[in-house]
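Source file: start.pdb. Holds: PDB, C-alpha atoms, pLDDT in the B column.
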MODEL        1
ATOM      1  CA  MET J   1      -5.359  13.078  17.503  1.00 54.00           C
ATOM      2  CA  ASP J   2      -4.407  12.491  21.110  1.00 57.00           C
ATOM      3  CA  ARG J   3      -4.961  15.492  23.350  1.00 59.00           C
ATOM      4  CA  ASN J   4      -1.361  15.013  24.567  1.00 65.00           C
ATOM      5  CA  ASP J   5      -0.307  16.107  21.080  1.00 82.00           C
ATOM      6  CA  LEU J   6      -1.775  19.553  21.808  1.00 90.00           C
ATOM      7  CA  LEU J   7       0.011  22.194  23.846  1.00 94.00           C
ATOM      8  CA  PRO J   8      -1.385  25.312  25.490  1.00 95.00           C
ATOM      9  CA  ILE J   9       0.337  28.520  24.439  1.00 95.00           C
ATOM     10  CA  GLY J  10       2.164  28.836  27.777  1.00 95.00           C
ATOM     11  CA  GLU J  11       3.710  25.383  27.386  1.00 95.00           C
ATOM     12  CA  LEU J  12       4.699  26.171  23.794  1.00 96.00           C
ATOM     13  CA  ALA J  13       6.346  29.378  25.051  1.00 96.00           C
ATOM     14  CA  ARG J  14       8.207  27.457  27.748  1.00 96.00           C
ATOM     15  CA  ARG J  15       9.420  24.798  25.280  1.00 95.00           C
ATOM     16  CA  THR J  16      10.611  27.293  22.642  1.00 95.00           C
ATOM     17  CA  GLY J  17      11.873  30.112  24.844  1.00 95.00           C
ATOM     18  CA  LEU J  18       9.596  32.548  23.018  1.00 96.00           C
ATOM     19  CA  ALA J  19       7.294  35.039  24.678  1.00 97.00           C
ATOM     20  CA  VAL J  20       3.575  34.308  24.392  1.00 97.00           C
ATOM     21  CA  SER J  21       3.239  37.577  22.460  1.00 97.00           C
ATOM     22  CA  ALA J  22       5.808  36.346  19.900  1.00 97.00           C
ATOM     23  CA  ILE J  23       3.874  33.120  19.442  1.00 97.00           C
ATOM     24  CA  ARG J  24       0.696  35.112  18.881  1.00 96.00           C
ATOM     25  CA  PHE J  25       2.556  37.261  16.347  1.00 96.00           C
ATOM     26  CA  TYR J  26       3.719  34.192  14.411  1.00 95.00           C
ATOM     27  CA  GLU J  27       0.183  32.819  14.579  1.00 95.00           C
ATOM     28  CA  GLU J  28      -1.189  36.117  13.246  1.00 94.00           C
ATOM     29  CA  LYS J  29       1.306  35.903  10.361  1.00 92.00           C
ATOM     30  CA  GLY J  30       0.084  32.382   9.596  1.00 90.00           C
ATOM     31  CA  LEU J  31       3.410  30.698  10.400  1.00 91.00           C
ATOM     32  CA  ILE J  32       1.720  28.478  12.967  1.00 92.00           C
ATOM     33  CA  GLN J  33      -1.936  27.705  13.471  1.00 90.00           C
ATOM     34  CA  ALA J  34      -3.771  27.248  16.753  1.00 90.00           C
ATOM     35  CA  LEU J  35      -6.685  24.948  17.276  1.00 89.00           C
ATOM     36  CA  ARG J  36      -9.369  26.208  19.654  1.00 88.00           C
ATOM     37  CA  THR J  37     -10.915  24.368  22.558  1.00 85.00           C
ATOM     38  CA  THR J  38     -14.621  24.583  23.316  1.00 86.00           C
ATOM     39  CA  GLY J  39     -13.615  27.306  25.811  1.00 91.00           C
ATOM     40  CA  ASN J  40     -11.848  29.170  22.945  1.00 88.00           C
ATOM     41  CA  GLN J  41      -8.358  28.539  24.339  1.00 89.00           C
ATOM     42  CA  ARG J  42      -5.469  28.136  21.935  1.00 90.00           C
ATOM     43  CA  ARG J  43      -3.904  24.711  21.528  1.00 93.00           C
ATOM     44  CA  PHE J  44      -0.918  24.064  19.303  1.00 94.00           C
ATOM     45  CA  LEU J  45       0.393  20.889  17.740  1.00 90.00           C
ATOM     46  CA  ARG J  46       3.506  19.532  19.403  1.00 89.00           C
ATOM     47  CA  SER J  47       5.163  19.818  15.959  1.00 87.00           C
ATOM     48  CA  ASP J  48       4.808  23.614  16.215  1.00 91.00           C
ATOM     49  CA  ILE J  49       7.845  23.461  18.525  1.00 92.00           C
ATOM     50  CA  ARG J  50       9.858  22.539  15.427  1.00 90.00           C
ATOM     51  CA  ARG J  51       8.236  25.237  13.300  1.00 91.00           C
ATOM     52  CA  LEU J  52       9.062  27.892  15.881  1.00 95.00           C
ATOM     53  CA  SER J  53      12.578  26.515  16.291  1.00 92.00           C
ATOM     54  CA  PHE J  54      13.002  26.769  12.535  1.00 91.00           C
ATOM     55  CA  ILE J  55      11.880  30.417  12.666  1.00 93.00           C
ATOM     56  CA  LEU J  56      14.410  31.190  15.410  1.00 94.00           C
ATOM     57  CA  ILE J  57      17.250  29.506  13.511  1.00 90.00           C
ATOM     58  CA  ALA J  58      16.308  31.149  10.199  1.00 89.00           C
ATOM     59  CA  GLN J  59      16.200  34.570  11.844  1.00 91.00           C
ATOM     60  CA  ARG J  60      19.602  33.976  13.414  1.00 89.00           C
ATOM     61  CA  LEU J  61      20.884  33.119   9.926  1.00 84.00           C
ATOM     62  CA  GLY J  62      19.670  36.518   8.758  1.00 84.00           C
ATOM     63  CA  LEU J  63      16.607  35.405   6.815  1.00 85.00           C
ATOM     64  CA  GLY J  64      13.733  37.838   6.771  1.00 88.00           C
ATOM     65  CA  LEU J  65      10.161  37.064   7.739  1.00 91.00           C
ATOM     66  CA  VAL J  66       9.078  36.963   4.086  1.00 92.00           C
ATOM     67  CA  GLU J  67      11.733  34.324   3.310  1.00 88.00           C
ATOM     68  CA  ILE J  68      10.758  32.328   6.401  1.00 90.00           C
ATOM     69  CA  GLU J  69       7.063  32.506   5.469  1.00 91.00           C
ATOM     70  CA  ALA J  70       7.851  31.246   1.970  1.00 90.00           C
ATOM     71  CA  GLU J  71       9.753  28.248   3.321  1.00 88.00           C
ATOM     72  CA  LEU J  72       7.196  27.368   5.996  1.00 88.00           C
ATOM     73  CA  SER J  73       4.375  27.542   3.437  1.00 88.00           C
ATOM     74  CA  LYS J  74       5.922  24.427   1.876  1.00 87.00           C
ATOM     75  CA  LEU J  75       5.239  22.407   5.030  1.00 85.00           C
ATOM     76  CA  PRO J  76       1.956  20.551   5.488  1.00 83.00           C
ATOM     77  CA  HIS J  77      -0.645  22.058   7.815  1.00 74.00           C
ATOM     78  CA  GLY J  78      -2.467  19.955  10.347  1.00 65.00           C
ATOM     79  CA  ARG J  79       0.137  17.214  10.560  1.00 73.00           C
ATOM     80  CA  THR J  80       3.665  16.830  11.789  1.00 78.00           C
ATOM     81  CA  PRO J  81       6.121  17.494   8.951  1.00 84.00           C
ATOM     82  CA  SER J  82       8.119  14.437   7.966  1.00 88.00           C
ATOM     83  CA  LEU J  83      11.861  14.182   7.484  1.00 90.00           C
ATOM     84  CA  ALA J  84      11.267  14.471   3.723  1.00 92.00           C
ATOM     85  CA  ASP J  85       9.300  17.715   4.274  1.00 90.00           C
ATOM     86  CA  TRP J  86      12.176  19.256   6.263  1.00 87.00           C
ATOM     87  CA  GLN J  87      14.767  18.021   3.752  1.00 90.00           C
ATOM     88  CA  LYS J  88      12.864  19.764   0.954  1.00 89.00           C
ATOM     89  CA  ILE J  89      13.094  23.059   2.850  1.00 88.00           C
ATOM     90  CA  SER J  90      16.752  22.451   3.635  1.00 87.00           C
ATOM     91  CA  ARG J  91      17.596  21.997  -0.044  1.00 88.00           C
ATOM     92  CA  SER J  92      15.577  25.071  -0.934  1.00 84.00           C
ATOM     93  CA  MET J  93      17.357  27.228   1.653  1.00 85.00           C
ATOM     94  CA  ARG J  94      20.845  25.972   0.912  1.00 88.00           C
ATOM     95  CA  VAL J  95      21.316  28.364  -2.031  1.00 85.00           C
ATOM     96  CA  ALA J  96      20.291  31.390   0.038  1.00 81.00           C
ATOM     97  CA  ILE J  97      22.449  30.318   2.977  1.00 85.00           C
ATOM     98  CA  ASP J  98      25.459  29.705   0.720  1.00 90.00           C
ATOM     99  CA  ALA J  99      25.013  33.190  -0.802  1.00 87.00           C
ATOM    100  CA  LYS J 100      24.922  34.726   2.679  1.00 85.00           C
ATOM    101  CA  ILE J 101      28.055  32.803   3.660  1.00 89.00           C
ATOM    102  CA  GLN J 102      29.847  34.148   0.557  1.00 90.00           C
ATOM    103  CA  LEU J 103      28.771  37.703   1.378  1.00 87.00           C
ATOM    104  CA  LEU J 104      29.863  37.388   5.003  1.00 87.00           C
ATOM    105  CA  THR J 105      33.225  35.943   3.973  1.00 88.00           C
ATOM    106  CA  LYS J 106      33.780  38.735   1.448  1.00 84.00           C
ATOM    107  CA  ALA J 107      32.666  41.402   3.934  1.00 81.00           C
ATOM    108  CA  ARG J 108      35.003  40.026   6.608  1.00 81.00           C
ATOM    109  CA  ALA J 109      37.944  40.256   4.214  1.00 78.00           C
ATOM    110  CA  LYS J 110      36.995  43.661   2.806  1.00 72.00           C
ATOM    111  CA  LEU J 111      36.344  45.292   6.181  1.00 71.00           C
ATOM    112  CA  GLU J 112      40.091  45.281   6.731  1.00 67.00           C
ATOM    113  CA  GLU J 113      40.650  46.818   3.296  1.00 64.00           C
ATOM    114  CA  CYS J 114      37.744  48.972   2.252  1.00 59.00           C
ATOM    115  CA  ILE J 115      34.113  49.871   2.586  1.00 55.00           C
ATOM    116  CA  GLY J 116      31.939  52.245   0.570  1.00 53.00           C
ATOM    117  CA  CYS J 117      34.328  54.355  -1.452  1.00 53.00           C
ATOM    118  CA  GLY J 118      37.007  51.727  -1.237  1.00 55.00           C
ATOM    119  CA  CYS J 119      39.020  52.674   1.826  1.00 56.00           C
ATOM    120  CA  LEU J 120      38.700  53.259   5.551  1.00 53.00           C
ATOM    121  CA  SER J 121      41.823  55.402   5.617  1.00 56.00           C
ATOM    122  CA  LEU J 122      42.073  58.824   4.010  1.00 52.00           C
ATOM    123  CA  GLU J 123      45.837  58.312   3.756  1.00 55.00           C
ATOM    124  CA  ARG J 124      45.491  55.060   1.836  1.00 58.00           C
ATOM    125  CA  CYS J 125      42.594  56.467  -0.124  1.00 59.00           C
ATOM    126  CA  ARG J 126      44.880  59.051  -1.739  1.00 55.00           C
ATOM    127  CA  MET J 127      47.155  56.246  -2.880  1.00 55.00           C
ATOM    128  CA  ASN J 128      44.584  53.640  -3.935  1.00 59.00           C
ATOM    129  CA  ASN J 129      41.656  55.814  -4.927  1.00 61.00           C
ATOM    130  CA  ARG J 130      43.187  59.054  -6.159  1.00 66.00           C
ATOM    131  CA  ASP J 131      40.567  61.615  -7.139  1.00 68.00           C
ATOM    132  CA  ASP J 132      37.854  59.190  -6.010  1.00 68.00           C
ATOM    133  CA  ARG J 133      38.047  57.013  -9.128  1.00 68.00           C
ATOM    134  CA  ALA J 134      35.895  54.426  -7.348  1.00 67.00           C
ATOM    135  CA  GLY J 135      33.085  56.979  -7.101  1.00 71.00           C
ATOM    136  CA  VAL J 136      32.800  57.100 -10.902  1.00 74.00           C
ATOM    137  CA  GLY J 137      31.800  53.431 -10.930  1.00 72.00           C
ATOM    138  CA  GLY J 138      28.667  53.943  -8.853  1.00 73.00           C
ATOM    139  CA  THR J 139      27.370  54.404  -5.360  1.00 72.00           C
ATOM    140  CA  GLY J 140      27.386  52.366  -2.195  1.00 66.00           C
ATOM    141  CA  PRO J 141      29.642  49.616  -0.916  1.00 65.00           C
ATOM    142  CA  ARG J 142      30.184  48.007  -4.322  1.00 63.00           C
ATOM    143  CA  PHE J 143      33.458  46.361  -3.385  1.00 65.00           C
ATOM    144  CA  VAL J 144      31.595  44.246  -0.833  1.00 67.00           C
ATOM    145  CA  LEU J 145      28.081  43.891  -2.240  1.00 69.00           C
ATOM    146  CA  ASP J 146      28.863  43.481  -5.942  1.00 67.00           C
TER     147      ASP J 146
ENDMDL
END

Give the structure from this file in structure tokens form.
Amino acid sequence: MDRNDLLPIGELARRTGLAVSAIRFYEEKGLIQALRTTGNQRRFLRSDIRRLSFILIAQRLGLGLVEIEAELSKLPHGRTPSLADWQKISRSMRVAIDAKIQLLTKARAKLEECIGCGCLSLERCRMNNRDDRAGVGGTGPRFVLD
């Protein structure tokens, strides 16, 4: 491995836009792995830029840390992931992303109509949900989440 393939934590922070503390957090969680110099300084693989970018994108998509950890665990450690490695993760995530898109689309439509009990308007509620019939069917925002 060429030493140019290794980045100090400050350079990794600069390249990803993450704070050094965030990089340490992700390292602590095992999402990335530092190599240590003889002086005990952290060095990261250049490919960790992609791993951290993936984390940022996945978080923006609304995936939780547990979901992100599960996906990243499928990547090889100690070498740069190949296109095939990333495609495998992409296929795996597609189902979850599609489900989130469906939920967001449904929520966008329903926010204009109803939430929770079925209505944002007490006036309309008397017409469309007389005597709180929707409440008999269960709790929570069922019209959006079910």

State, in Å with one decimal place, the distance from atom CA of J:Leu45 to atom CA of J:Val20. 15.3 Å

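Straight-line separation from atom CA of J:Ile68 to atom CA of J:Gln33: 15.2 Å.
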
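Take atom CA of J:Ser82 and atom CA of J:Ser47: the distance between them is 10.1 Å.
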
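Considering the residues J:Arg43, J:Ala58, J:Arg36, J:Lys74 and counting all atoms listed in the file, J:Gly10 has its shortest atom-to-atom contact with J:Arg43.
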
Residue IDs satisfying the PyMOL selection byres ((chain J and resi 95-103) around 10), as an NGL selection string: :J and (58 or 61-63 or 67 or 90-94 or 104-109 or 144-146)

My list of candidates is J:Asp5, J:Glu71, J:Glu11, J:Glu28. Which is closest to J:Ile89 when distances are computed with all atoms listed in the file? J:Glu71

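Counting all atoms listed in the file and comparing J:Ser21, J:Pro81, J:Lys29, J:Ala70, the residue that lies closest to J:Asp48 is J:Pro81.
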
Could you tell me which of J:Thr80, J:Ser53, J:Gln59, J:Thr139 comes closest to J:Thr16 if we count all atoms listed in the file? J:Ser53

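Closest approach to J:Leu65 among J:Arg51, J:Leu31, J:His77, J:Leu7: J:Leu31, based on only C-alpha atoms.
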
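Between J:Pro8 and the residues J:Tyr26, J:Leu35, J:Arg50, J:Asp85, the shortest atom-to-atom distance, using all atoms listed in the file, involves J:Leu35.
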